[in-house]
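Here is the file entry31.csv (CSV, C-alpha atoms).
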chain,number,residue,atom,x,y,z
A,9,MET,CA,5.8,-6.4,15.3
A,10,ILE,CA,5.8,-5.1,11.8
A,11,GLU,CA,8.3,-7.9,11.0
A,12,ALA,CA,5.9,-10.5,12.4
A,13,PHE,CA,3.0,-9.0,10.3
A,14,ALA,CA,5.1,-9.0,7.1
A,15,ASP,CA,6.2,-12.7,7.8
A,16,TRP,CA,2.6,-13.7,8.5
A,17,LEU,CA,1.3,-12.0,5.3
A,18,THR,CA,4.1,-13.5,3.1
A,19,TYR,CA,4.3,-17.0,4.4
A,20,SER,CA,0.8,-17.7,5.8
A,21,VAL,CA,-1.6,-15.6,3.8
A,22,PHE,CA,0.1,-15.6,0.4
A,23,LYS,CA,1.5,-19.0,1.1
A,24,LEU,CA,4.9,-18.3,-0.4
A,25,SER,CA,7.7,-20.6,0.5
A,26,ALA,CA,10.6,-19.0,2.3
A,27,GLU,CA,14.0,-18.6,0.6
A,28,THR,CA,12.4,-17.9,-2.8
A,29,HIS,CA,13.1,-14.6,-4.6
A,30,LEU,CA,9.4,-13.9,-4.7
A,31,ALA,CA,8.9,-14.4,-0.9
A,32,ASP,CA,11.9,-12.3,-0.3
A,33,ALA,CA,10.6,-9.4,-2.4
A,34,VAL,CA,7.1,-9.5,-1.0
A,35,ASN,CA,8.3,-9.7,2.6
A,36,PHE,CA,10.7,-6.8,2.1
A,37,PHE,CA,8.0,-4.7,0.4
A,38,VAL,CA,5.3,-5.2,3.1
A,39,TYR,CA,7.8,-4.6,5.9
A,40,ASP,CA,9.4,-1.4,4.5
A,41,THR,CA,6.1,0.1,3.3
A,42,ILE,CA,4.4,-0.1,6.6
A,43,LYS,CA,7.5,1.0,8.5
A,44,ILE,CA,8.2,4.0,6.3
A,45,LEU,CA,4.5,5.2,6.3
A,46,LEU,CA,4.4,5.0,10.1
A,47,MET,CA,7.7,6.9,10.5
A,48,LEU,CA,6.6,9.5,8.0
A,49,THR,CA,3.4,10.1,9.9
A,50,ALA,CA,5.1,10.5,13.3
A,51,ILE,CA,8.1,12.5,12.1
A,52,ILE,CA,6.3,14.9,9.7
A,53,PHE,CA,3.9,15.7,12.6
A,54,ILE,CA,6.7,16.4,15.0
A,55,VAL,CA,8.8,18.4,12.5
A,56,SER,CA,5.7,20.5,11.6
A,57,VAL,CA,5.1,21.4,15.2
A,58,ILE,CA,8.7,22.5,15.5
A,59,ARG,CA,8.5,24.4,12.2
A,60,SER,CA,5.5,26.4,13.4
A,61,PHE,CA,8.0,28.3,15.6
A,62,PHE,CA,10.2,29.4,12.7
A,63,PRO,CA,8.2,31.1,10.0
A,64,PRO,CA,10.3,32.8,7.3
A,65,GLU,CA,9.0,36.2,8.6
A,66,LYS,CA,10.8,35.5,11.9
A,67,VAL,CA,13.9,33.9,10.4
A,68,ARG,CA,14.7,36.8,8.2
A,69,LYS,CA,15.0,39.0,11.3
A,70,ILE,CA,17.3,36.5,12.9
A,71,LEU,CA,19.6,36.4,9.9
A,72,ALA,CA,19.5,40.1,9.1
A,73,SER,CA,22.2,41.0,11.7
A,74,LYS,CA,24.5,38.2,10.9
A,75,ALA,CA,27.8,38.5,8.9
A,76,GLU,CA,29.1,36.1,6.3
A,77,PHE,CA,30.2,32.7,7.5
A,78,VAL,CA,28.2,32.7,10.8
A,79,GLY,CA,25.3,33.8,8.7
A,80,ASN,CA,25.8,31.0,6.2
A,81,ILE,CA,26.0,28.4,9.0
A,82,LEU,CA,22.9,29.7,10.7
A,83,ALA,CA,21.0,30.1,7.5
A,84,SER,CA,21.7,26.5,6.5
A,85,LEU,CA,20.6,25.2,9.9
A,86,LEU,CA,17.4,27.4,9.8
A,87,GLY,CA,16.8,26.1,6.3
A,88,ILE,CA,16.1,22.7,7.8
A,89,VAL,CA,13.4,23.9,10.3
A,90,THR,CA,11.8,26.7,8.3
A,91,PRO,CA,8.6,25.7,6.4
A,92,PHE,CA,9.3,26.2,2.8
A,93,CYS,CA,7.6,25.2,-0.4
A,94,SER,CA,9.0,26.1,-3.8
A,95,CYS,CA,6.1,28.5,-4.4
A,96,SER,CA,7.4,30.6,-1.5
A,97,ALA,CA,11.0,30.7,-2.8
A,98,VAL,CA,10.6,34.0,-4.6
A,99,PRO,CA,8.9,36.0,-1.7
A,100,VAL,CA,11.3,34.4,0.8
A,101,PHE,CA,14.3,35.4,-1.4
A,102,ILE,CA,13.1,39.0,-1.7
A,103,GLY,CA,12.1,39.3,1.9
A,104,PHE,CA,15.5,38.1,3.1
A,105,LEU,CA,17.4,40.6,1.0
A,106,GLU,CA,15.0,43.3,1.9
A,107,ALA,CA,15.8,42.7,5.6
A,108,GLY,CA,19.5,43.1,4.9
A,109,VAL,CA,20.4,39.4,4.8
A,110,PRO,CA,23.5,39.0,2.6
A,111,LEU,CA,22.9,37.4,-0.8
A,112,GLY,CA,25.3,34.5,-0.1
A,113,VAL,CA,23.5,33.8,3.2
A,114,THR,CA,20.1,33.9,1.5
A,115,LEU,CA,21.4,31.4,-1.1
A,116,SER,CA,22.7,29.0,1.7
A,117,PHE,CA,19.2,29.0,3.1
A,118,LEU,CA,17.6,28.3,-0.3
A,119,ILE,CA,20.0,25.4,-0.9
A,120,ALA,CA,19.6,23.8,2.5
A,121,SER,CA,15.9,24.1,2.8
A,122,PRO,CA,14.8,21.7,0.0
A,123,MET,CA,17.8,19.5,0.3
A,124,ILE,CA,17.4,18.6,4.0
A,125,ASN,CA,13.7,18.0,4.2
A,126,GLU,CA,11.7,15.7,6.5
A,127,VAL,CA,10.5,13.3,3.8
A,128,ALA,CA,14.1,12.6,2.6
A,129,LEU,CA,15.3,12.3,6.2
A,130,VAL,CA,12.6,9.7,7.2
A,131,LEU,CA,13.4,7.6,4.2
A,132,LEU,CA,17.1,7.8,4.8
A,133,TRP,CA,16.8,7.0,8.4
A,134,GLY,CA,14.2,4.2,7.9
A,135,LEU,CA,15.9,2.5,5.0
A,136,PHE,CA,19.6,3.2,5.5
A,137,GLY,CA,19.9,3.8,9.2
A,138,ALA,CA,20.6,6.7,11.5
A,139,LYS,CA,24.3,6.9,10.6
A,140,ILE,CA,23.8,7.5,6.9
A,141,ALA,CA,20.9,10.0,7.6
A,142,LEU,CA,23.3,11.9,9.9
A,143,ILE,CA,26.1,11.9,7.2
A,144,TYR,CA,23.5,13.2,4.7
A,145,ILE,CA,22.6,16.1,7.1
A,146,GLY,CA,26.2,16.9,7.7
A,147,THR,CA,27.4,16.9,4.1
A,148,GLY,CA,24.2,18.6,3.0
A,149,LEU,CA,24.8,21.5,5.5
A,150,THR,CA,28.4,21.7,4.3
A,151,VAL,CA,27.4,21.9,0.7
A,152,ALA,CA,24.9,24.7,1.5
A,153,ILE,CA,27.3,26.7,3.6
A,154,ILE,CA,30.2,26.5,1.2
A,155,SER,CA,28.2,27.1,-1.9
A,156,GLY,CA,26.6,30.1,-0.3
A,157,ILE,CA,29.9,31.6,0.8
A,158,ILE,CA,31.4,31.1,-2.7
A,159,LEU,CA,28.3,32.6,-4.4
A,160,GLY,CA,28.3,35.6,-2.0
A,161,ARG,CA,31.9,36.4,-2.9
A,162,ILE,CA,31.4,36.6,-6.7
A,163,PRO,CA,32.4,40.2,-7.7
A,164,ALA,CA,29.4,42.4,-8.3
A,165,VAL,CA,27.1,39.6,-7.6
A,166,GLU,CA,24.3,42.0,-6.6
A,167,LYS,CA,24.1,43.1,-10.2
A,168,MET,CA,23.2,39.6,-11.2
A,169,VAL,CA,20.0,39.7,-9.2
A,170,GLU,CA,17.0,41.1,-11.1
A,171,ASP,CA,16.8,44.8,-10.6
A,172,TYR,CA,13.2,45.0,-9.4
A,173,VAL,CA,14.2,42.8,-6.3
A,174,TRP,CA,16.2,45.7,-4.8
A,175,GLU,CA,13.3,48.1,-5.3
A,176,LEU,CA,10.6,46.1,-3.4
A,177,ARG,CA,9.9,47.2,0.1
A,178,MET,CA,8.3,45.1,2.7
A,179,SER,CA,6.2,46.3,5.5
A,180,GLU,CA,6.2,44.7,8.9
A,181,THR,CA,3.3,42.6,10.0
A,182,GLU,CA,2.6,41.4,13.4
A,183,ILE,CA,3.4,37.6,13.5
A,184,PRO,CA,0.1,36.0,14.4
A,185,LYS,CA,0.1,34.2,17.7
A,186,LEU,CA,-0.5,30.5,17.5
A,187,SER,CA,-1.8,28.5,20.4
A,188,TRP,CA,-0.7,24.9,20.9
A,189,ARG,CA,-4.0,23.8,19.5
A,190,ASP,CA,-3.3,25.8,16.3
A,191,ARG,CA,0.2,24.3,16.0
A,192,PHE,CA,-1.2,20.7,16.4
A,193,GLN,CA,-3.9,21.4,13.9
A,194,LEU,CA,-1.4,22.9,11.5
A,195,ALA,CA,0.9,19.9,11.9
A,196,SER,CA,-1.9,17.4,11.4
A,197,SER,CA,-3.2,19.0,8.2
A,198,HIS,CA,0.4,19.4,6.9
A,199,THR,CA,1.1,15.7,7.7
A,200,GLN,CA,-2.1,14.6,5.8
A,201,ASP,CA,-1.1,16.8,2.9
A,202,ILE,CA,2.4,15.4,2.6
A,203,LEU,CA,1.2,11.8,3.1
A,204,LYS,CA,-1.4,12.3,0.3
A,205,ARG,CA,1.3,13.5,-2.0
A,206,VAL,CA,4.0,10.9,-1.3
A,207,THR,CA,2.3,7.7,-0.3
A,208,LEU,CA,1.9,6.4,-3.9
A,209,TYR,CA,5.6,7.2,-4.7
A,210,VAL,CA,6.8,5.5,-1.5
A,211,ILE,CA,4.8,2.3,-2.4
A,212,LEU,CA,6.1,2.4,-6.0
A,213,GLY,CA,9.7,3.1,-4.9
A,214,ILE,CA,9.7,0.4,-2.3
A,215,GLY,CA,8.0,-1.9,-4.9
A,216,VAL,CA,10.7,-1.4,-7.5
A,217,GLY,CA,13.3,-1.6,-4.7
A,218,ALA,CA,11.8,-5.0,-3.6
A,219,VAL,CA,12.1,-6.3,-7.1
A,220,ILE,CA,15.7,-5.2,-7.3
A,221,HIS,CA,16.4,-6.6,-3.9
A,222,GLY,CA,14.9,-10.0,-4.8
A,223,TYR,CA,16.0,-10.4,-8.5
A,224,VAL,CA,19.0,-8.3,-9.4
A,225,PRO,CA,22.4,-10.1,-9.0
A,226,ILE,CA,24.3,-9.1,-5.9
A,227,ASP,CA,27.3,-7.4,-7.6
A,228,PHE,CA,25.3,-5.9,-10.4
A,229,VAL,CA,26.0,-2.2,-9.7
A,230,ALA,CA,29.5,-2.9,-8.4
A,231,THR,CA,30.3,-4.4,-11.8
A,232,TYR,CA,29.1,-1.5,-13.9
A,233,ALA,CA,29.2,1.6,-11.7
A,234,GLY,CA,31.3,0.7,-8.7
A,235,ARG,CA,34.0,2.7,-6.9
A,236,GLU,CA,36.5,2.3,-9.7
A,237,ASN,CA,34.3,3.9,-12.4
A,238,PRO,CA,35.1,7.7,-12.3
A,239,PHE,CA,32.0,8.5,-14.4
A,240,ALA,CA,29.6,6.9,-11.9
A,241,VAL,CA,29.2,10.0,-9.7
A,242,PRO,CA,28.6,12.6,-12.4
A,243,LEU,CA,26.3,10.2,-14.2
A,244,ALA,CA,24.3,9.6,-11.0
A,245,VAL,CA,23.9,13.4,-10.6
A,246,LEU,CA,22.8,13.9,-14.2
A,247,ILE,CA,20.2,11.1,-13.8
A,248,ALA,CA,19.0,12.7,-10.6
A,249,ILE,CA,18.3,16.2,-11.9
A,250,PRO,CA,15.1,15.4,-13.8
A,251,LEU,CA,13.7,13.4,-10.9
A,252,TYR,CA,13.0,16.7,-9.2
A,253,SER,CA,12.6,16.4,-5.5
A,254,ASN,CA,10.9,13.1,-5.6
A,255,ALA,CA,12.8,11.8,-2.7
A,256,ALA,CA,9.9,9.5,-1.7
A,257,GLY,CA,10.1,7.5,-4.9
A,258,THR,CA,13.8,7.4,-5.5
A,259,ILE,CA,15.4,6.7,-2.1
A,260,PRO,CA,14.0,3.1,-1.8
A,261,ILE,CA,15.4,2.3,-5.2
A,262,VAL,CA,18.8,3.8,-4.4
A,263,GLN,CA,18.8,1.8,-1.1
A,264,ALA,CA,18.2,-1.4,-3.1
A,265,LEU,CA,21.0,-0.5,-5.5
A,266,MET,CA,23.3,0.1,-2.6
A,267,GLY,CA,22.7,-3.5,-1.6
A,268,LYS,CA,23.9,-4.4,-5.0
A,269,GLY,CA,27.2,-2.7,-4.7
A,270,MET,CA,26.5,1.1,-5.3
A,271,PRO,CA,29.1,2.9,-3.1
A,272,LEU,CA,28.0,5.4,-0.4
A,273,GLY,CA,29.5,8.5,-2.2
A,274,THR,CA,27.5,7.8,-5.3
A,275,VAL,CA,24.4,7.3,-3.2
A,276,LEU,CA,24.9,10.6,-1.3
A,277,ALA,CA,25.6,12.5,-4.5
A,278,PHE,CA,22.5,11.1,-6.2
A,279,MET,CA,20.2,11.9,-3.4
A,280,MET,CA,21.5,15.4,-3.0
A,281,ALA,CA,21.0,16.1,-6.7
A,282,VAL,CA,17.4,14.7,-6.5
A,283,THR,CA,16.4,17.1,-3.6
A,284,ALA,CA,18.6,20.2,-4.3
A,285,ILE,CA,18.8,20.6,-8.1
A,286,SER,CA,15.5,20.6,-9.9
A,287,PHE,CA,14.3,22.1,-13.1
A,288,PRO,CA,11.1,23.6,-11.7
A,289,GLU,CA,13.0,25.2,-8.8
A,290,MET,CA,15.4,26.8,-11.3
A,291,VAL,CA,12.5,28.2,-13.3
A,292,ILE,CA,11.1,29.7,-10.1
A,293,LEU,CA,14.6,31.2,-9.1
A,294,ARG,CA,14.9,32.7,-12.6
A,295,LYS,CA,12.3,35.2,-11.5
A,296,VAL,CA,14.8,36.7,-9.1
A,297,LEU,CA,18.2,35.7,-10.5
A,298,LYS,CA,19.6,36.8,-13.8
A,299,VAL,CA,20.5,33.9,-16.2
A,300,LYS,CA,24.2,34.3,-15.5
A,301,LEU,CA,23.9,33.9,-11.7
A,302,LEU,CA,21.4,31.1,-12.1
A,303,VAL,CA,23.9,29.2,-14.3
A,304,ILE,CA,26.7,29.8,-11.8
A,305,PHE,CA,24.4,28.8,-8.9
A,306,ALA,CA,23.5,25.5,-10.6
A,307,ALA,CA,27.1,24.8,-11.6
A,308,ILE,CA,28.6,25.4,-8.1
A,309,LEU,CA,25.9,23.2,-6.5
A,310,THR,CA,26.5,20.5,-9.1
A,311,ILE,CA,30.3,20.6,-8.6
A,312,ALA,CA,29.9,20.6,-4.8
A,313,ILE,CA,27.6,17.5,-4.9
A,314,ILE,CA,29.9,15.6,-7.3
A,315,MET,CA,32.8,16.4,-4.9
A,316,VAL,CA,30.9,14.9,-2.0
A,317,GLY,CA,30.4,11.8,-4.1
A,318,TYR,CA,34.1,11.4,-4.9
A,319,LEU,CA,35.1,12.2,-1.3
A,320,PHE,CA,32.9,9.5,0.3
A,321,ASN,CA,33.8,6.9,-2.4
A,322,ALA,CA,37.4,7.5,-1.5
A,323,ILE,CA,37.2,7.4,2.3
A,324,MET,CA,34.4,4.9,3.0
B,10,MET,CA,-16.0,43.4,3.0
B,11,GLU,CA,-12.9,42.5,1.1
B,12,ILE,CA,-11.0,39.2,1.4
B,13,LYS,CA,-7.6,39.0,-0.2
B,14,ILE,CA,-5.7,35.8,-0.8
B,15,LEU,CA,-1.9,36.4,-1.1
B,16,GLY,CA,0.1,34.0,-3.1
B,17,PRO,CA,1.5,33.2,-6.6
B,18,GLY,CA,-1.4,30.9,-7.3
B,19,CYS,CA,-0.2,27.4,-6.2
B,20,ARG,CA,-2.5,24.6,-5.0
B,21,ASN,CA,-2.7,26.0,-1.4
B,22,CYS,CA,-3.8,29.4,-2.6
B,23,GLU,CA,-6.5,27.9,-4.7
B,24,LYS,CA,-7.8,25.9,-1.7
B,25,LEU,CA,-7.8,28.9,0.6
B,26,ALA,CA,-9.7,30.9,-2.0
B,27,VAL,CA,-12.4,28.3,-2.2
B,28,ASP,CA,-12.6,28.0,1.6
B,29,ALA,CA,-12.8,31.8,2.0
B,30,LYS,CA,-15.7,32.0,-0.4
B,31,LEU,CA,-17.5,29.2,1.4
B,32,ALA,CA,-16.9,30.9,4.8
B,33,ALA,CA,-18.2,34.2,3.5
B,34,LYS,CA,-21.3,32.5,2.1
B,35,GLU,CA,-22.0,30.6,5.4
B,36,THR,CA,-21.8,33.8,7.5
B,37,GLY,CA,-24.2,35.4,5.0
B,38,CYS,CA,-21.8,38.1,4.3
B,39,THR,CA,-21.3,39.8,0.9
B,40,ALA,CA,-17.6,39.6,0.6
B,41,GLU,CA,-15.4,39.9,-2.5
B,42,VAL,CA,-12.6,37.4,-2.6
B,43,VAL,CA,-9.6,38.7,-4.6
B,44,LYS,CA,-6.4,36.8,-5.4
B,45,VAL,CA,-3.3,38.9,-5.1
B,46,THR,CA,-0.4,37.4,-7.1
B,47,ASP,CA,1.6,40.6,-7.5
B,48,MET,CA,4.8,40.4,-5.5
B,49,LYS,CA,4.9,44.1,-4.6
B,50,GLN,CA,1.4,44.0,-3.1
B,51,MET,CA,2.1,40.7,-1.2
B,52,MET,CA,5.2,42.3,0.3
B,53,SER,CA,3.3,45.4,1.3
B,54,TYR,CA,1.4,43.2,3.7
B,55,GLY,CA,4.7,41.8,5.2
B,56,VAL,CA,3.9,38.3,4.1
B,57,LEU,CA,6.5,35.9,2.8
B,58,SER,CA,5.0,32.5,3.3
B,59,THR,CA,2.1,31.7,1.2
B,60,PRO,CA,-0.9,31.5,1.2
B,61,GLY,CA,-1.8,34.7,3.1
B,62,LEU,CA,-5.2,35.7,4.2
B,63,VAL,CA,-6.1,39.4,4.5
B,64,ILE,CA,-9.6,40.5,5.6
B,65,ASN,CA,-10.4,44.2,5.4
B,66,GLY,CA,-6.7,45.0,5.1
B,67,LYS,CA,-5.7,43.0,8.1
B,68,VAL,CA,-3.4,40.0,7.9
B,69,LYS,CA,-5.2,37.1,9.6
B,70,ALA,CA,-3.0,34.2,8.8
B,71,TYR,CA,-0.2,33.1,6.5
B,72,GLY,CA,1.9,30.1,5.6
B,73,ARG,CA,-1.0,27.8,6.3
B,74,ILE,CA,-4.6,27.1,5.2
B,75,PRO,CA,-6.8,28.0,8.1
B,76,SER,CA,-10.0,26.0,8.7
B,77,VAL,CA,-13.4,27.3,7.4
B,78,SER,CA,-14.6,27.9,11.0
B,79,GLU,CA,-11.5,30.0,11.7
B,80,ILE,CA,-12.2,32.1,8.6
B,81,LYS,CA,-15.8,32.5,9.7
B,82,LYS,CA,-14.7,33.7,13.1
B,83,TRP,CA,-12.5,36.4,11.5
B,84,ILE,CA,-15.3,37.4,9.1
B,85,GLU,CA,-17.6,37.9,12.1
B,86,GLU,CA,-14.9,40.0,13.9
B,87,GLU,CA,-14.7,42.3,10.9
B,88,LYS,CA,-18.4,42.6,10.2
Before we go any further, please render this structure as structure tokens.
Amino acid sequence: MIEAFADWLTYSVFKLSAETHLADAVNFFVYDTIKILLMLTAIIFIVSVIRSFFPPEKVRKILASKAEFVGNILASLLGIVTPFCSCSAVPVFIGFLEAGVPLGVTLSFLIASPMINEVALVLLWGLFGAKIALIYIGTGLTVAIISGIILGRIPAVEKMVEDYVWELRMSETEIPKLSWRDRFQLASSHTQDILKRVTLYVILGIGVGAVIHGYVPIDFVATYAGRENPFAVPLAVLIAIPLYSNAAGTIPIVQALMGKGMPLGTVLAFMMAVTAISFPEMVILRKVLKVKLLVIFAAILTIAIIMVGYLFNAIM
Amino acid sequence: MEIKILGPGCRNCEKLAVDAKLAAKETGCTAEVVKVTDMKQMMSYGVLSTPGLVINGKVKAYGRIPSVSEIKKWIEEEK
């Protein structure tokens, strides 16, 4: 139905002749924009309802009694469903440690939570298909679990956390009961909020993607940054870091580049770096982590992501 | 009456502070709206997800921005 609408708009309203680059680009743009915005609305709403069952106040209790490894796996999984915005990163970090959640487990949570978020997943699913979205979830979880385990095993890692963190004490509060009506209201305001924030980027991203799709030669990326170029993956990660967390704007562009020969490993590494490593997030984490641990944290995450890139470029 | 907004001062906290002031005004209640940005104090209420809303020392909501009518209801309860 969306396809029919996009065709009608392109060929009948704008009167573009089929098979031209322009018609191609316009058709692609209209179809993808409508599809992605509809998917975002539906999926953010559903995810928000699910999330209302997992506030961080509850999750810290679930994780408190878990040992390393099982804890890291569980923390990464809960990172997907726990509502989290970067302004809560500091209280969540402190609250987890205070409940006795091991440091490495807490860091697994803080890596998975922004990396596997609903906006990125919708765009991946809608533009790349379910298979790549699932590969992204799987590798993202693996990166979060392994990085957390490594970080937790650094000798005397506790001393690399700001001292005041260990002194804070948290009191228990009753977790407010939410009715289904509350949950739906919460989900609907959350959905509107996210849509307001990302719609412009989705349109811009798909627009640029459409131009690439229609005009850039088919082997463009393959020629310069294909599988054979060993610098392509680290370069993609470096480019991604300043694009902090703007999955909405970057994924459509990456999708178009994949059509021009960008290999899957490079695509995955780029997207993980966009969502998981961002400068503002590091500034926020600096409030609780000493510089040394922050540098190690960023380095391990970067290396893990680059390895994912090489691995998938080698096997796919 | 004392209304506290817990949070480091991001967009959501600002919005909640504005809504809380409006709710207080509409119920004709003389309430003081205070922003709590200090981590120690926030934790003392057991709140991790921001923004948190505390009325007369009781945590009413956190991790979301409640509607003005909800806030009004809580203000009435605490009157």
Using all atoms listed in the file, find each residue in chain B having at least one atom no more than 9 Å away from chain A; report its shortest atom-to-atom pair and that distance in Å (one decimal), rows by chain then rising number, as CSV.
residue,atom,partner,partner_atom,distance
B:Gly16,CA,A:Ser96,CA,8.2
B:Pro17,CA,A:Cys95,CA,6.9
B:Gly18,CA,A:Cys95,CA,8.4
B:Cys19,CA,A:Cys95,CA,6.6
B:Met48,CA,A:Pro99,CA,7.1
B:Lys49,CA,A:Leu176,CA,6.2
B:Met51,CA,A:Pro99,CA,8.3
B:Met52,CA,A:Met178,CA,4.8
B:Ser53,CA,A:Ser179,CA,5.2
B:Tyr54,CA,A:Ser179,CA,6.0
B:Gly55,CA,A:Ser179,CA,4.8
B:Val56,CA,A:Glu65,CA,7.1
B:Leu57,CA,A:Pro99,CA,5.1
B:Ser58,CA,A:Ser96,CA,5.7
B:Thr59,CA,A:Ser96,CA,6.0
B:Pro60,CA,A:Ser96,CA,8.8
B:Val68,CA,A:Thr181,CA,7.5
B:Lys69,CA,A:Pro184,CA,7.2
B:Ala70,CA,A:Pro184,CA,6.6
B:Tyr71,CA,A:Pro184,CA,8.4
B:Gly72,CA,A:Pro63,CA,7.7
B:Arg73,CA,A:Leu194,CA,7.2
B:Ile74,CA,A:Leu194,CA,8.2
B:Pro75,CA,A:Leu194,CA,8.2
Nearby residues (all atoms listed in the file) at most 8 Å from Met123 of chain A, same-chain spacing under 6 positions excluded, as a PyMOL selection string: chain A and resi 148+280+283-284
message: Need the shell around Gly222 of chain A: protein/DNA/RNA residues with any atom at most 8 Å away, counting all atoms listed in the file. Skip same-chain ones fewer than 2 positions apart. Format as a ChimeraX atom specification?
response: /A:29-30,32-33,218-220,224
Would you export the selected residues with C-alpha atoms as an mmCIF file, keeping the file's coordinate frame, please?
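Saved as part.cif:
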data_model
loop_
_atom_site.group_PDB
_atom_site.id
_atom_site.type_symbol
_atom_site.label_atom_id
_atom_site.label_comp_id
_atom_site.auth_asym_id
_atom_site.auth_seq_id
_atom_site.Cartn_x
_atom_site.Cartn_y
_atom_site.Cartn_z
ATOM 1 C CA HIS A 29 13.100 -14.600 -4.600
ATOM 2 C CA LEU A 30 9.400 -13.900 -4.700
ATOM 3 C CA ASP A 32 11.900 -12.300 -0.300
ATOM 4 C CA ALA A 33 10.600 -9.400 -2.400
ATOM 5 C CA ALA A 218 11.800 -5.000 -3.600
ATOM 6 C CA VAL A 219 12.100 -6.300 -7.100
ATOM 7 C CA ILE A 220 15.700 -5.200 -7.300
ATOM 8 C CA VAL A 224 19.000 -8.300 -9.400
#
message: Given all atoms listed in the file as the basis, pick out the residue of A:Val316, A:Val169, A:Phe62, A:Arg205 nearest to Arg294 of chain A.
response: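 Ranked by minimum distance to Arg294 of chain A, first place goes to A:Val169.
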Distance of atom CA of Leu309 of chain A from atom CA of Ala322 of chain A, expressed in Å to one decimal place: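 Pair atom CA of Ala322 of chain A / atom CA of Leu309 of chain A returns 20.1 Å.
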query: Quick one: distance from atom CA of Val67 of chain A to atom CA of Ala281 of chain A in Å, one decimal?
result: 25.7 Å
message: Neighbouring residues of Ala233 of chain A were defined as those with any atom within 10 Å, considering only C-alpha atoms; residues of the same chain fewer than 2 positions away were excluded. Please report them as a ChimeraX atom specification.
response: /A:228-231,235-241,243-244,269-271,274
Using only C-alpha atoms, find all polymer residues with an atom at most 10 Å away from the point (-8.0, 40.6, 5.0); report them as a compact mmCIF listing (two decimals) with C-alpha atoms, keeping the file's coordinate frame.
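Wrote point-v8.txt, looks like this:
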# COMPACT_ATOMS: atom_id res chain seq x y z
CA MET B 10 -16.00 43.40 3.00
CA GLU B 11 -12.90 42.50 1.10
CA ILE B 12 -11.00 39.20 1.40
CA LYS B 13 -7.60 39.00 -0.20
CA ILE B 14 -5.70 35.80 -0.80
CA LEU B 15 -1.90 36.40 -1.10
CA VAL B 42 -12.60 37.40 -2.60
CA VAL B 43 -9.60 38.70 -4.60
CA TYR B 54 1.40 43.20 3.70
CA GLY B 61 -1.80 34.70 3.10
CA LEU B 62 -5.20 35.70 4.20
CA VAL B 63 -6.10 39.40 4.50
CA ILE B 64 -9.60 40.50 5.60
CA ASN B 65 -10.40 44.20 5.40
CA GLY B 66 -6.70 45.00 5.10
CA LYS B 67 -5.70 43.00 8.10
CA VAL B 68 -3.40 40.00 7.90
CA LYS B 69 -5.20 37.10 9.60
CA ALA B 70 -3.00 34.20 8.80
CA TRP B 83 -12.50 36.40 11.50
CA ILE B 84 -15.30 37.40 9.10
CA GLU B 87 -14.70 42.30 10.90
- request: Provide the atom CA of Thr90 of chain A to atom CA of Ile51 of chain A distance in Å, to one decimal place.
  value: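 Between these atoms lies a distance of 15.2 Å.
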message: Give me the residues near Leu203 of chain A as a PyMOL selection string, where near means some atom within 9 Å (using only C-alpha atoms) and where sequence neighbours in that chain fewer than 4 positions away do not count.
response: chain A and resi 45+48-49+52+198-199+207-208
- request: Please provide as number ranges by chain all residues within 10 Å of Ala75 of chain A, with the sequence filter that same-chain residues fewer than 3 positions apart are discarded (counting all atoms listed in the file).
  value: A: 71-72, 78-80, 109-110, 113
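If you measure from each of A:Lys74, A:Leu86, A:Val21, A:Lys139 to Gly108 of chain A using only C-alpha atoms, the closest one turns out to be A:Lys74.
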